[in-house]
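The next block is model_32.tsv, given as TSV, C-alpha atoms.
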```tsv
chain	number	residue	atom	x	y	z
A	612	MET	CA	273.33	0.70	83.84
A	613	SER	CA	270.66	1.74	86.34
A	614	ILE	CA	268.04	-0.56	87.84
A	615	THR	CA	265.18	0.76	89.94
A	616	ALA	CA	265.15	-0.20	93.62
A	617	PRO	CA	262.53	-2.87	94.40
A	618	ASP	CA	260.78	-1.07	97.27
A	619	ALA	CA	261.08	2.48	96.04
A	620	VAL	CA	258.84	3.00	93.02
A	621	SER	CA	259.34	6.75	93.36
A	622	HIS	CA	262.81	6.35	91.79
A	623	ARG	CA	261.06	5.74	88.45
A	624	THR	CA	259.28	9.08	88.52
A	625	ASP	CA	261.89	11.16	90.38
A	626	ARG	CA	263.17	13.51	87.70
A	627	ARG	CA	265.91	14.98	89.87
A	628	PRO	CA	269.50	14.21	88.90
A	629	ALA	CA	270.98	11.25	90.74
A	630	ALA	CA	272.02	12.05	94.30
A	631	ALA	CA	275.53	10.79	93.46
A	632	ALA	CA	277.16	9.36	90.38
A	633	LEU	CA	280.45	8.05	89.06
A	634	ARG	CA	280.96	8.48	85.33
A	635	GLU	CA	283.62	6.17	83.87
A	636	VAL	CA	285.88	6.80	86.85
A	637	THR	CA	289.38	5.32	86.93
A	638	VAL	CA	291.69	5.72	89.94
A	639	SER	CA	295.33	4.78	89.32
A	640	TYR	CA	298.44	4.47	91.44
A	641	GLY	CA	301.25	4.58	88.94
A	642	ALA	CA	300.69	1.69	86.52
A	643	THR	CA	298.11	0.04	88.81
A	644	ASP	CA	294.40	0.76	88.46
A	645	ALA	CA	292.62	0.52	91.82
A	646	LEU	CA	289.34	1.28	90.02
A	647	ARG	CA	288.68	1.01	86.29
A	648	ASP	CA	285.97	2.67	84.21
A	649	CYS	CA	283.35	2.60	86.95
A	650	SER	CA	279.94	4.12	86.17
A	651	LEU	CA	277.28	4.07	88.87
A	652	GLU	CA	274.28	6.18	89.91
A	653	ILE	CA	272.75	6.35	93.40
A	654	HIS	CA	269.25	7.80	93.52
A	655	HIS	CA	267.65	9.89	96.25
A	656	GLY	CA	266.26	7.65	98.98
A	657	GLU	CA	268.16	4.61	97.72
A	658	THR	CA	270.76	2.42	99.40
A	659	VAL	CA	273.38	0.87	97.14
A	660	ALA	CA	275.81	-1.69	98.56
A	661	LEU	CA	279.28	-1.88	97.03
A	662	LEU	CA	279.98	-5.54	97.64
A	663	GLY	CA	283.09	-7.53	96.87
A	664	PRO	CA	286.24	-9.18	98.24
A	665	SER	CA	289.29	-7.29	99.48
A	666	GLY	CA	291.04	-5.45	96.67
A	667	SER	CA	287.98	-5.42	94.42
A	668	GLY	CA	287.82	-1.59	94.21
A	669	LYS	CA	284.76	-0.98	96.38
A	670	SER	CA	286.47	1.26	98.96
A	671	THR	CA	288.28	3.13	96.19
A	672	ALA	CA	284.92	3.87	94.53
A	673	LEU	CA	283.61	5.24	97.83
A	674	LYS	CA	286.73	7.36	98.35
A	675	ALA	CA	286.33	8.78	94.84
A	676	LEU	CA	282.76	9.79	95.73
A	677	ALA	CA	283.93	11.33	99.00
A	678	GLY	CA	286.82	13.23	97.43
A	679	PHE	CA	289.61	11.32	99.19
A	680	GLU	CA	290.84	9.87	95.90
A	681	ALA	CA	291.25	11.94	92.74
A	682	PRO	CA	290.15	10.16	89.55
A	683	SER	CA	292.76	9.70	86.85
A	684	ARG	CA	289.86	9.76	84.39
A	685	GLY	CA	286.14	10.31	84.62
A	686	ALA	CA	283.88	12.52	86.70
A	687	VAL	CA	282.10	12.52	90.09
A	688	LEU	CA	278.68	14.18	90.28
A	689	LEU	CA	276.49	15.11	93.25
A	690	GLY	CA	272.95	16.14	92.44
A	691	GLY	CA	273.99	16.51	88.81
A	692	ARG	CA	276.85	18.90	89.64
A	693	ASP	CA	280.41	17.98	88.72
A	694	VAL	CA	282.39	17.94	91.98
A	695	THR	CA	285.45	16.07	90.70
A	696	GLY	CA	287.79	18.92	91.65
A	697	LEU	CA	286.22	19.71	95.04
A	698	SER	CA	287.66	18.71	98.41
A	699	PRO	CA	285.75	16.37	100.75
A	700	ALA	CA	284.67	19.31	102.94
A	701	GLN	CA	283.21	21.11	99.93
A	702	ARG	CA	281.07	18.14	98.88
A	703	GLY	CA	278.80	18.07	101.94
A	704	ILE	CA	278.78	14.28	102.14
A	705	GLY	CA	278.37	12.35	105.41
A	706	ILE	CA	281.07	9.71	105.90
A	707	VAL	CA	281.27	6.84	108.42
A	708	VAL	CA	284.36	4.61	108.56
A	709	GLN	CA	285.00	1.34	110.37
A	710	SER	CA	287.50	2.87	112.84
A	711	TYR	CA	284.89	5.39	114.14
A	712	ALA	CA	287.55	8.21	113.95
A	713	LEU	CA	286.20	9.98	117.06
A	714	PHE	CA	288.30	12.59	118.83
A	715	PRO	CA	289.28	10.96	122.16
A	716	HIS	CA	289.51	14.26	124.09
A	717	MET	CA	286.03	15.45	123.01
A	718	ASN	CA	282.79	14.25	124.52
A	719	VAL	CA	279.99	12.86	122.38
A	720	ARG	CA	278.29	16.24	121.90
A	721	LYS	CA	281.49	17.93	120.73
A	722	ASN	CA	282.36	15.06	118.42
A	723	VAL	CA	278.95	15.17	116.74
A	724	GLY	CA	279.09	18.97	116.41
A	725	PHE	CA	282.59	19.06	114.95
A	726	GLY	CA	281.50	19.27	111.31
A	727	LEU	CA	278.95	21.97	112.10
A	728	ARG	CA	281.50	24.09	113.93
A	729	ALA	CA	283.90	23.69	111.00
A	730	ARG	CA	281.11	25.07	108.79
A	731	ARG	CA	280.61	27.96	111.24
A	732	VAL	CA	277.02	27.08	111.98
A	733	PRO	CA	275.75	29.33	114.83
A	734	PRO	CA	276.03	27.70	118.31
A	735	ALA	CA	272.27	27.58	118.94
A	736	ARG	CA	271.66	25.88	115.58
A	737	THR	CA	274.60	23.54	116.17
A	738	ARG	CA	273.15	22.39	119.50
A	739	GLU	CA	269.76	21.84	117.87
A	740	ARG	CA	271.20	19.70	115.09
A	741	VAL	CA	273.46	17.75	117.46
A	742	ASP	CA	270.53	16.92	119.72
A	743	GLU	CA	268.46	15.89	116.71
A	744	ALA	CA	271.21	13.60	115.39
A	745	LEU	CA	271.86	12.03	118.80
A	746	ARG	CA	268.18	11.29	119.33
A	747	MET	CA	268.03	9.75	115.87
A	748	VAL	CA	270.67	7.16	116.81
A	749	GLY	CA	269.57	6.71	120.43
A	750	MET	CA	272.64	8.39	121.98
A	751	PHE	CA	271.15	11.59	123.45
A	752	ASP	CA	271.57	10.34	127.04
A	753	TYR	CA	275.30	9.77	126.42
A	754	ALA	CA	276.08	13.28	125.14
A	755	ASP	CA	278.55	14.14	127.93
A	756	ARG	CA	280.57	10.92	127.80
A	757	LEU	CA	284.01	10.51	126.24
A	758	PRO	CA	284.54	7.90	123.50
A	759	ARG	CA	286.52	5.64	125.86
A	760	GLU	CA	283.44	5.40	128.08
A	761	LEU	CA	281.35	3.92	125.25
A	762	SER	CA	281.07	0.44	123.74
A	763	GLY	CA	282.04	-0.18	120.13
A	764	GLY	CA	278.42	-0.10	119.01
A	765	GLN	CA	277.82	3.17	120.85
A	766	GLN	CA	280.91	4.73	119.29
A	767	GLN	CA	279.66	3.72	115.84
A	768	ARG	CA	276.30	5.35	116.59
A	769	VAL	CA	278.14	8.55	117.50
A	770	ALA	CA	280.08	8.40	114.22
A	771	ILE	CA	276.80	8.03	112.32
A	772	ALA	CA	275.25	10.93	114.27
A	773	ARG	CA	278.25	13.12	113.39
A	774	ALA	CA	277.80	12.30	109.71
A	775	LEU	CA	274.06	13.06	109.89
A	776	ALA	CA	274.40	16.31	111.82
A	777	ILE	CA	275.49	18.20	108.69
A	778	ARG	CA	272.27	16.98	107.02
A	779	PRO	CA	273.92	15.41	103.99
A	780	ARG	CA	271.99	14.25	100.95
A	781	VAL	CA	274.43	11.37	100.58
A	782	LEU	CA	275.78	9.15	103.39
A	783	LEU	CA	278.82	6.97	102.72
A	784	LEU	CA	279.53	4.02	105.02
A	785	ASP	CA	282.83	2.16	104.63
A	786	GLU	CA	282.51	-1.28	106.29
A	787	PRO	CA	281.02	0.38	109.40
A	788	LEU	CA	280.22	-2.88	111.22
A	789	SER	CA	283.39	-4.88	110.58
A	790	ALA	CA	284.93	-4.04	113.99
A	791	LEU	CA	281.82	-5.15	115.92
A	792	ASP	CA	280.97	-8.58	117.28
A	793	ALA	CA	278.13	-10.61	115.77
A	794	ALA	CA	275.43	-9.47	118.22
A	795	LEU	CA	276.35	-5.80	117.83
A	796	ARG	CA	276.40	-6.15	114.04
A	797	GLN	CA	272.82	-7.42	114.08
A	798	SER	CA	271.78	-4.58	116.38
A	799	MET	CA	273.45	-1.96	114.18
A	800	LEU	CA	271.89	-3.44	111.03
A	801	HIS	CA	268.51	-2.91	112.68
A	802	GLU	CA	269.48	0.68	113.57
A	803	LEU	CA	270.52	1.39	109.97
A	804	GLN	CA	267.23	-0.06	108.68
A	805	GLN	CA	265.38	2.27	111.09
A	806	LEU	CA	267.51	5.18	109.91
A	807	ARG	CA	266.47	4.56	106.31
A	808	ARG	CA	262.82	4.86	107.33
A	809	ARG	CA	263.42	8.06	109.30
A	810	LEU	CA	265.31	9.70	106.42
A	811	PRO	CA	263.46	8.56	103.27
A	812	ASP	CA	265.27	10.99	100.94
A	813	LEU	CA	268.79	10.13	102.08
A	814	ALA	CA	270.96	8.31	99.54
A	815	MET	CA	273.31	5.76	101.11
A	816	VAL	CA	276.36	3.99	99.73
A	817	TYR	CA	277.34	1.03	101.89
A	818	VAL	CA	280.70	-0.67	101.35
A	819	THR	CA	280.97	-4.24	102.63
A	820	HIS	CA	282.42	-7.68	101.91
A	821	ASP	CA	279.58	-9.30	103.88
A	822	GLN	CA	276.70	-10.47	101.68
A	823	GLY	CA	274.37	-10.64	104.70
A	824	GLU	CA	274.75	-6.91	105.35
A	825	ALA	CA	274.21	-6.10	101.69
A	826	LEU	CA	271.08	-8.26	101.47
A	827	ALA	CA	269.65	-6.72	104.65
A	828	LEU	CA	270.16	-3.08	103.71
A	829	ALA	CA	270.52	-2.51	100.00
A	830	ASP	CA	267.94	-1.70	97.33
A	831	ARG	CA	270.60	-2.51	94.74
A	832	ILE	CA	273.93	-4.29	94.88
A	833	ALA	CA	276.97	-3.23	92.88
A	834	LEU	CA	279.22	-6.29	92.83
A	835	MET	CA	282.91	-5.39	92.47
A	836	ARG	CA	285.68	-7.63	91.18
A	837	ASP	CA	289.29	-6.95	90.12
A	838	SER	CA	288.85	-3.14	90.33
A	839	ARG	CA	285.76	-3.21	88.12
A	840	LEU	CA	282.01	-3.15	88.53
A	841	GLU	CA	281.18	-6.78	87.73
A	842	SER	CA	277.38	-6.53	87.86
A	843	LEU	CA	274.65	-4.26	89.18
A	844	GLY	CA	271.01	-4.93	89.93
A	845	ARG	CA	268.14	-5.07	92.35
A	846	THR	CA	269.10	-6.98	95.47
A	847	GLU	CA	266.55	-9.77	95.03
A	848	GLU	CA	267.43	-10.21	91.35
A	849	MET	CA	271.16	-10.30	92.06
A	850	PHE	CA	270.64	-13.09	94.59
A	851	GLU	CA	267.91	-15.11	92.87
A	852	ARG	CA	269.07	-14.64	89.27
A	853	PRO	CA	272.83	-13.98	89.23
A	854	SER	CA	274.20	-13.22	85.80
A	855	THR	CA	277.77	-14.49	86.23
A	856	GLU	CA	279.60	-17.33	87.94
A	857	PHE	CA	281.28	-14.85	90.29
A	858	ALA	CA	277.92	-13.40	91.32
A	859	ALA	CA	276.55	-16.88	92.01
A	860	THR	CA	279.54	-17.89	94.10
A	861	PHE	CA	279.98	-14.62	96.02
A	862	LEU	CA	276.26	-14.22	96.67
A	863	GLY	CA	275.25	-17.58	98.07
A	864	GLY	CA	278.37	-19.71	97.68
A	865	ALA	CA	277.15	-21.75	94.71
A	866	ASP	CA	279.03	-24.71	93.27
A	867	ILE	CA	279.69	-24.22	89.54
A	868	LEU	CA	279.30	-27.28	87.32
A	869	PRO	CA	280.62	-26.87	83.74
A	870	ALA	CA	278.11	-28.44	81.34
A	871	ARG	CA	276.86	-28.58	77.75
A	872	THR	CA	273.26	-28.70	76.55
A	873	LEU	CA	272.02	-31.96	75.02
A	874	THR	CA	268.71	-30.49	73.88
A	875	ALA	CA	267.39	-27.09	72.83
A	876	ALA	CA	264.89	-25.36	75.12
A	877	GLY	CA	262.94	-22.12	75.38
A	878	ALA	CA	262.65	-19.87	78.44
A	879	GLY	CA	260.75	-21.64	81.22
A	880	GLU	CA	261.33	-25.08	79.72
A	881	THR	CA	263.43	-28.00	80.91
A	882	VAL	CA	266.75	-28.54	79.20
A	883	ARG	CA	268.96	-31.61	79.52
A	884	ALA	CA	272.67	-30.96	79.99
A	885	ALA	CA	275.76	-33.14	80.20
A	886	TYR	CA	278.07	-32.75	83.19
A	887	GLY	CA	280.97	-35.09	83.87
A	888	GLY	CA	279.31	-38.08	82.25
A	889	HIS	CA	275.97	-37.35	83.91
A	890	GLU	CA	272.76	-36.02	82.35
A	891	ILE	CA	271.12	-33.27	84.40
A	892	SER	CA	267.67	-31.72	83.82
A	893	VAL	CA	267.35	-28.01	84.66
A	894	LEU	CA	264.81	-25.23	84.13
A	895	THR	CA	266.12	-22.40	82.00
A	896	ARG	CA	265.05	-18.74	82.08
A	897	GLU	CA	266.26	-18.09	78.54
A	898	ASP	CA	266.35	-19.77	75.15
A	899	LEU	CA	269.22	-22.24	74.82
A	900	PRO	CA	270.41	-24.03	71.65
A	901	ARG	CA	271.59	-27.62	71.57
A	902	ASP	CA	275.30	-28.38	72.13
A	903	HIS	CA	275.89	-25.07	73.92
A	904	GLY	CA	278.39	-24.56	76.77
A	905	ILE	CA	276.74	-23.43	80.03
A	906	SER	CA	277.53	-23.33	83.74
A	907	LEU	CA	275.17	-24.87	86.29
A	908	ALA	CA	275.15	-23.16	89.68
A	909	VAL	CA	273.89	-25.03	92.75
A	910	ARG	CA	273.78	-23.36	96.16
A	911	PRO	CA	274.64	-25.41	99.29
A	912	TRP	CA	271.06	-25.58	100.56
A	913	SER	CA	269.78	-26.72	97.15
A	914	TRP	CA	271.59	-30.05	97.33
A	915	GLN	CA	269.27	-32.76	98.69
A	916	LEU	CA	270.23	-35.95	100.43
A	917	ALA	CA	269.26	-38.78	98.08
A	918	ASP	CA	266.69	-41.27	99.36
A	919	ASP	CA	266.98	-44.66	97.69
A	920	ALA	CA	263.27	-45.24	98.28
A	921	VAL	CA	262.23	-42.18	96.26
A	922	PRO	CA	263.18	-41.76	92.58
A	923	ALA	CA	265.57	-38.81	92.24
A	924	PRO	CA	264.70	-36.13	89.62
A	925	ASN	CA	268.39	-35.91	88.69
A	926	PRO	CA	271.47	-38.11	88.98
A	927	VAL	CA	272.68	-38.97	92.47
A	928	PHE	CA	276.25	-37.94	93.19
A	929	ALA	CA	278.25	-39.97	95.67
A	930	ALA	CA	280.78	-37.75	97.39
A	931	GLU	CA	283.47	-38.36	99.99
A	932	VAL	CA	283.16	-36.04	103.00
A	933	ASP	CA	286.28	-33.90	103.43
A	934	GLY	CA	285.12	-31.62	106.24
A	935	VAL	CA	282.11	-30.67	108.36
A	936	GLN	CA	281.29	-27.35	110.02
A	937	TRP	CA	278.52	-27.22	112.59
A	938	LYS	CA	276.59	-23.94	112.26
A	939	GLY	CA	274.06	-24.52	115.02
A	940	SER	CA	270.94	-25.15	112.98
A	941	SER	CA	272.77	-26.87	110.13
A	942	TYR	CA	275.95	-28.62	109.02
A	943	ARG	CA	278.04	-27.21	106.17
A	944	VAL	CA	279.65	-30.22	104.50
A	945	GLN	CA	282.52	-30.08	102.01
A	946	ALA	CA	282.77	-33.22	99.90
A	947	THR	CA	284.45	-34.44	96.71
A	948	ALA	CA	282.22	-35.98	94.04
A	949	GLU	CA	283.57	-39.44	93.24
A	950	SER	CA	282.64	-39.35	89.54
A	951	THR	CA	283.97	-35.88	88.69
A	952	GLY	CA	286.47	-35.00	91.43
A	953	GLN	CA	284.71	-31.68	91.94
A	954	THR	CA	284.30	-30.13	95.39
A	955	LEU	CA	280.68	-29.78	96.47
A	956	HIS	CA	279.32	-27.75	99.39
A	957	VAL	CA	276.20	-29.15	101.00
A	958	GLU	CA	274.15	-27.52	103.76
A	959	MET	CA	271.99	-29.97	105.66
A	960	PRO	CA	269.82	-29.65	108.78
A	961	ALA	CA	271.56	-30.46	112.05
A	962	ARG	CA	269.32	-33.42	112.87
A	963	GLY	CA	270.98	-36.43	114.40
A	964	ARG	CA	274.67	-37.12	113.97
A	965	ALA	CA	276.97	-35.12	111.72
A	966	PRO	CA	278.33	-36.81	108.58
A	967	ALA	CA	281.64	-38.51	109.27
A	968	VAL	CA	284.78	-37.19	107.61
A	969	GLY	CA	285.94	-39.87	105.20
A	970	GLY	CA	282.41	-41.21	104.83
A	971	THR	CA	280.20	-41.00	101.76
A	972	LEU	CA	277.32	-38.63	101.13
A	973	SER	CA	274.78	-39.12	98.31
A	974	VAL	CA	273.19	-35.94	96.98
A	975	THR	CA	270.98	-34.79	94.12
A	976	VAL	CA	269.30	-31.56	93.09
A	977	ALA	CA	265.86	-30.63	91.74
A	978	PRO	CA	265.73	-29.08	88.23
A	979	ARG	CA	264.15	-25.88	89.60
A	980	ASP	CA	267.07	-25.38	92.04
A	981	VAL	CA	269.80	-25.26	89.38
A	982	MET	CA	270.71	-21.85	87.98
A	983	VAL	CA	271.87	-21.71	84.35
A	984	LEU	CA	274.67	-19.22	83.64
A	985	PRO	CA	276.85	-18.36	80.65
A	986	ALA	CA	279.93	-20.59	80.54
A	987	GLU	CA	283.14	-18.84	81.59
A	988	ARG	CA	285.53	-21.79	81.26
A	989	SER	CA	286.94	-23.69	78.31
A	990	ASP	CA	287.00	-27.05	80.13
A	991	GLY	CA	283.27	-27.77	79.79
A	992	ALA	CA	281.68	-31.21	79.86
```

Now that the file is in, can you turn its structure into structure tokens?
Amino acid sequence: MSITAPDAVSHRTDRRPAAAALREVTVSYGATDALRDCSLEIHHGETVALLGPSGSGKSTALKALAGFEAPSRGAVLLGGRDVTGLSPAQRGIGIVVQSYALFPHMNVRKNVGFGLRARRVPPARTRERVDEALRMVGMFDYADRLPRELSGGQQQRVAIARALAIRPRVLLLDEPLSALDAALRQSMLHELQQLRRRLPDLAMVYVTHDQGEALALADRIALMRDSRLESLGRTEEMFERPSTEFAATFLGGADILPARTLTAAGAGETVRAAYGGHEISVLTREDLPRDHGISLAVRPWSWQLADDAVPAPNPVFAAEVDGVQWKGSSYRVQATAESTGQTLHVEMPARGRAPAVGGTLSVTVAPRDVMVLPAERSDGA
């Protein structure tokens, strides 16, 4: 499956082989598969985020691309060439890891030039490339400092410069921002966005469990689950039109309501569905028959506080408040629906007082804000 990046139309007409590809790759440790039958292409100039929870297989997929893990089955290709049997050094890939992995006894310049010296690049050319890479990440003025004299964000910039100095066609980043505080993460996200513009032909694979990082950087998202590639698509489509319950919950934290259609409807029409004794109207993007099991996904910010003075477009759910998290500009409320016993997550503006734990919240949702997904449970309405 390969979906063109939303802001890079050139991928459609680029006839070069993919910059990097996994072809039905499985990585096993004894009887345990850390990655199963994974097929993925990364095009030139494209950023693909491998997104998923811990243990989902995303880092294993990256290590297979890098050459740190040998596939039990399948093949790894770079620029159309099978490199499955080659070592990491022979693949010419730039790699950045979360621990920085800088040599503590070497200054910044020597750290960045390490890969070039290992490749026996002449000293004059090495200095030229090191200076170029340091300027690219804004660290040229720190070239003579040791790693211990740098902040975490500066050390990560040095690690990125080292990866870029060898002029790779593919850059792999394994949770590179996870060790940084929130402010530094935002700063580094901006730096990586700038880097994409400076190097328009560079293919990037970005491993993360943070949906915010994936949404900010990626042209496409490869969502990993249980050692498999769960779904793959353009970033906007993955977020706005998830294809599975897992995608809807991992990307956006949706509540999943098991339901069954009461009417038939065509794509773009309103369908009525039964959920827990309630009748809910939703817009569907595909044809649906009557008496068909579906899942309704509602994201926290889609729930609306019900106003008794205004007719609600859908049933009003009374829910007991179990917990409240203040997020600065909003409250994230966890509540239990009284009629169904289901946990709901409601995000509401932080105006006035926070809802009281143990109190009651009345919420509804507009038909256009409910996503219809294939049912994945047998305990439907």

### Task
Kindly provide, as a ChimeraX atom specification, the polymer residues lying within 8 Å of (270.3, 7.2, 98.1), counting all atoms listed in the file and using the coordinates exactly as they appear in the file.
/A:630-631,653-659,780-782,812-816

### Message
I'd like to know which of A:Asp830, A:Asp898, A:Asp933, A:Asp742 is closest to Thr971 of chain A, using only C-alpha atoms.
### Response
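Answer, going by the shortest atom-to-atom distance: A:Asp933.
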
### Task
Please indicate the distance in Å from atom CA of Val932 of chain A to atom CA of Pro911 of chain A, rounded to one decimal place.
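Distance reported for this atom pair: 14.1 Å.
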
### Spatial neighbours of Asp918 of chain A, 10 Å, only C-alpha atoms, chain gap at least 5 places, as an MDAnalysis selection string
chainID A and resid 923 927 973:975

### Task
Write out as a PyMOL selection string which residues come within 12 Å of Ala681 of chain A when counting all atoms listed in the file, dropping same-chain ones fewer than 4 positions away.
chain A and resi 636-640+645-646+671-677+685-687+694-699

### Query
Residues at most 12 Å from Arg964 of chain A, counting all atoms listed in the file, excluding those fewer than 6 positions away in the same chain, as a list in words?
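Listed by chain and then number, they are Val935, Trp937, Ser941 and Tyr942 of chain A.
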
### Residue among A:Pro978, A:Gly705, A:Gly963, A:Pro734 lying closest to Tyr817 of chain A, counting all atoms listed in the file
A:Gly705

### Task
Kindly extract all protein, DNA and RNA residues lying within 12 Å of the coordinates (267.6, 10.9, 119.3) given in the file, considering all atoms listed in the file, and supply them as an NGL selection string.
:A and (739-754 or 768-769 or 771-772 or 775-776 or 802 or 806 or 809)

Write to file, as a compact mmCIF listing (two decimals), in the coordinates of the input, the residues of the selection just made, with C-alpha atoms.
```txt
# COMPACT_ATOMS: atom_id res chain seq x y z
CA GLU A 739 269.76 21.84 117.87
CA ARG A 740 271.20 19.70 115.09
CA VAL A 741 273.46 17.75 117.46
CA ASP A 742 270.53 16.92 119.72
CA GLU A 743 268.46 15.89 116.71
CA ALA A 744 271.21 13.60 115.39
CA LEU A 745 271.86 12.03 118.80
CA ARG A 746 268.18 11.29 119.33
CA MET A 747 268.03 9.75 115.87
CA VAL A 748 270.67 7.16 116.81
CA GLY A 749 269.57 6.71 120.43
CA MET A 750 272.64 8.39 121.98
CA PHE A 751 271.15 11.59 123.45
CA ASP A 752 271.57 10.34 127.04
CA TYR A 753 275.30 9.77 126.42
CA ALA A 754 276.08 13.28 125.14
CA ARG A 768 276.30 5.35 116.59
CA VAL A 769 278.14 8.55 117.50
CA ILE A 771 276.80 8.03 112.32
CA ALA A 772 275.25 10.93 114.27
CA LEU A 775 274.06 13.06 109.89
CA ALA A 776 274.40 16.31 111.82
CA GLU A 802 269.48 0.68 113.57
CA LEU A 806 267.51 5.18 109.91
CA ARG A 809 263.42 8.06 109.30
```

### Task
Take atom CA of Val708 of chain A and atom CA of Thr819 of chain A and report the distance between them in Å, one decimal.
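Computed distance, atom CA of Val708 of chain A to atom CA of Thr819 of chain A, equals 11.2 Å.
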
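The shortest atom-to-atom distance to Gly952 of chain A, with all atoms listed in the file taken into account, belongs to A:Phe928 out of A:Val968, A:Phe928, A:Ala793, A:Glu880.
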
## Note on the structure
Counting all atoms listed in the file, the residue among A:Gly969, A:Gly641, A:Gly668, A:Pro985 that lies closest to Phe857 of chain A is A:Pro985

### Message
Would you compute the distance between atom CA of Glu635 of chain A and atom CA of Ala833 of chain A? Give it in Å to one decimal.
### Response
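Atom CA of Glu635 of chain A sits 14.6 Å away from atom CA of Ala833 of chain A.
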
### Task
Using only C-alpha atoms, determine which residues lie at most 9 Å from Met982 of chain A, disregarding the query and same-chain residues fewer than 5 positions distant; provide the list as a list of chain:residue names.
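Counting only C-alpha atoms, the residues come to A:Glu851, A:Arg852, A:Pro853, A:Ala859, A:Val893, A:Leu894, A:Thr895, A:Arg896, A:Ser906, A:Leu907, A:Ala908, A:Val909, A:Arg910.
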
### Query
Between A:Asp837, A:Asp625, A:Glu760, A:Asp693, which has the minimum distance to Met717 of chain A (counting all atoms listed in the file)?
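Comparing A:Asp837, A:Asp625, A:Glu760, A:Asp693 against Met717 of chain A, the winner is A:Glu760.
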
### Query
Using all atoms listed in the file, which residue out of A:Ala829, A:Gln701, A:Glu856, A:Ala929 lies closest to Arg807 of chain A?
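Of all the options, A:Ala829 lies closest to Arg807 of chain A.
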
Taking only N, CA and C atoms, show segment 778-790 of chain A of the given structure as a PDB file, in the first residue's frame.
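As written to disk, result-v2.pdb reads:
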```pdb
ATOM      1  N   ARG A 778      25.845  12.864   4.114  1.00  0.00           N
ATOM      2  CA  ARG A 778      24.937  13.140   3.011  1.00  0.00           C
ATOM      3  C   ARG A 778      24.103  11.913   2.625  1.00  0.00           C
ATOM      4  N   PRO A 779      23.334  11.414   3.582  1.00  0.00           N
ATOM      5  CA  PRO A 779      22.518  10.228   3.299  1.00  0.00           C
ATOM      6  C   PRO A 779      21.311  10.590   2.450  1.00  0.00           C
ATOM      7  N   ARG A 780      20.790   9.609   1.739  1.00  0.00           N
ATOM      8  CA  ARG A 780      19.527   9.798   1.037  1.00  0.00           C
ATOM      9  C   ARG A 780      18.350   9.481   1.939  1.00  0.00           C
ATOM     10  N   VAL A 781      18.638   8.750   3.022  1.00  0.00           N
ATOM     11  CA  VAL A 781      17.599   8.367   3.971  1.00  0.00           C
ATOM     12  C   VAL A 781      18.093   8.692   5.377  1.00  0.00           C
ATOM     13  N   LEU A 782      17.251   9.378   6.162  1.00  0.00           N
ATOM     14  CA  LEU A 782      17.559   9.716   7.548  1.00  0.00           C
ATOM     15  C   LEU A 782      16.548   9.026   8.449  1.00  0.00           C
ATOM     16  N   LEU A 783      17.053   8.229   9.394  1.00  0.00           N
ATOM     17  CA  LEU A 783      16.209   7.515  10.336  1.00  0.00           C
ATOM     18  C   LEU A 783      16.316   8.178  11.705  1.00  0.00           C
ATOM     19  N   LEU A 784      15.178   8.483  12.313  1.00  0.00           N
ATOM     20  CA  LEU A 784      15.147   9.124  13.625  1.00  0.00           C
ATOM     21  C   LEU A 784      14.300   8.292  14.572  1.00  0.00           C
ATOM     22  N   ASP A 785      14.937   7.752  15.621  1.00  0.00           N
ATOM     23  CA  ASP A 785      14.266   6.861  16.553  1.00  0.00           C
ATOM     24  C   ASP A 785      13.933   7.617  17.838  1.00  0.00           C
ATOM     25  N   GLU A 786      12.694   8.100  17.943  1.00  0.00           N
ATOM     26  CA  GLU A 786      12.213   8.877  19.087  1.00  0.00           C
ATOM     27  C   GLU A 786      13.247   9.925  19.515  1.00  0.00           C
ATOM     28  N   PRO A 787      13.668  10.799  18.613  1.00  0.00           N
ATOM     29  CA  PRO A 787      14.782  11.702  18.901  1.00  0.00           C
ATOM     30  C   PRO A 787      14.463  12.782  19.921  1.00  0.00           C
ATOM     31  N   LEU A 788      13.187  13.034  20.221  1.00  0.00           N
ATOM     32  CA  LEU A 788      12.825  14.130  21.110  1.00  0.00           C
ATOM     33  C   LEU A 788      12.331  13.660  22.475  1.00  0.00           C
ATOM     34  N   SER A 789      12.306  12.348  22.694  1.00  0.00           N
ATOM     35  CA  SER A 789      11.673  11.825  23.905  1.00  0.00           C
ATOM     36  C   SER A 789      12.421  12.205  25.177  1.00  0.00           C
ATOM     37  N   ALA A 790      13.721  12.492  25.088  1.00  0.00           N
ATOM     38  CA  ALA A 790      14.495  12.849  26.281  1.00  0.00           C
ATOM     39  C   ALA A 790      14.480  14.348  26.568  1.00  0.00           C
TER      40      ALA A 790
END
```
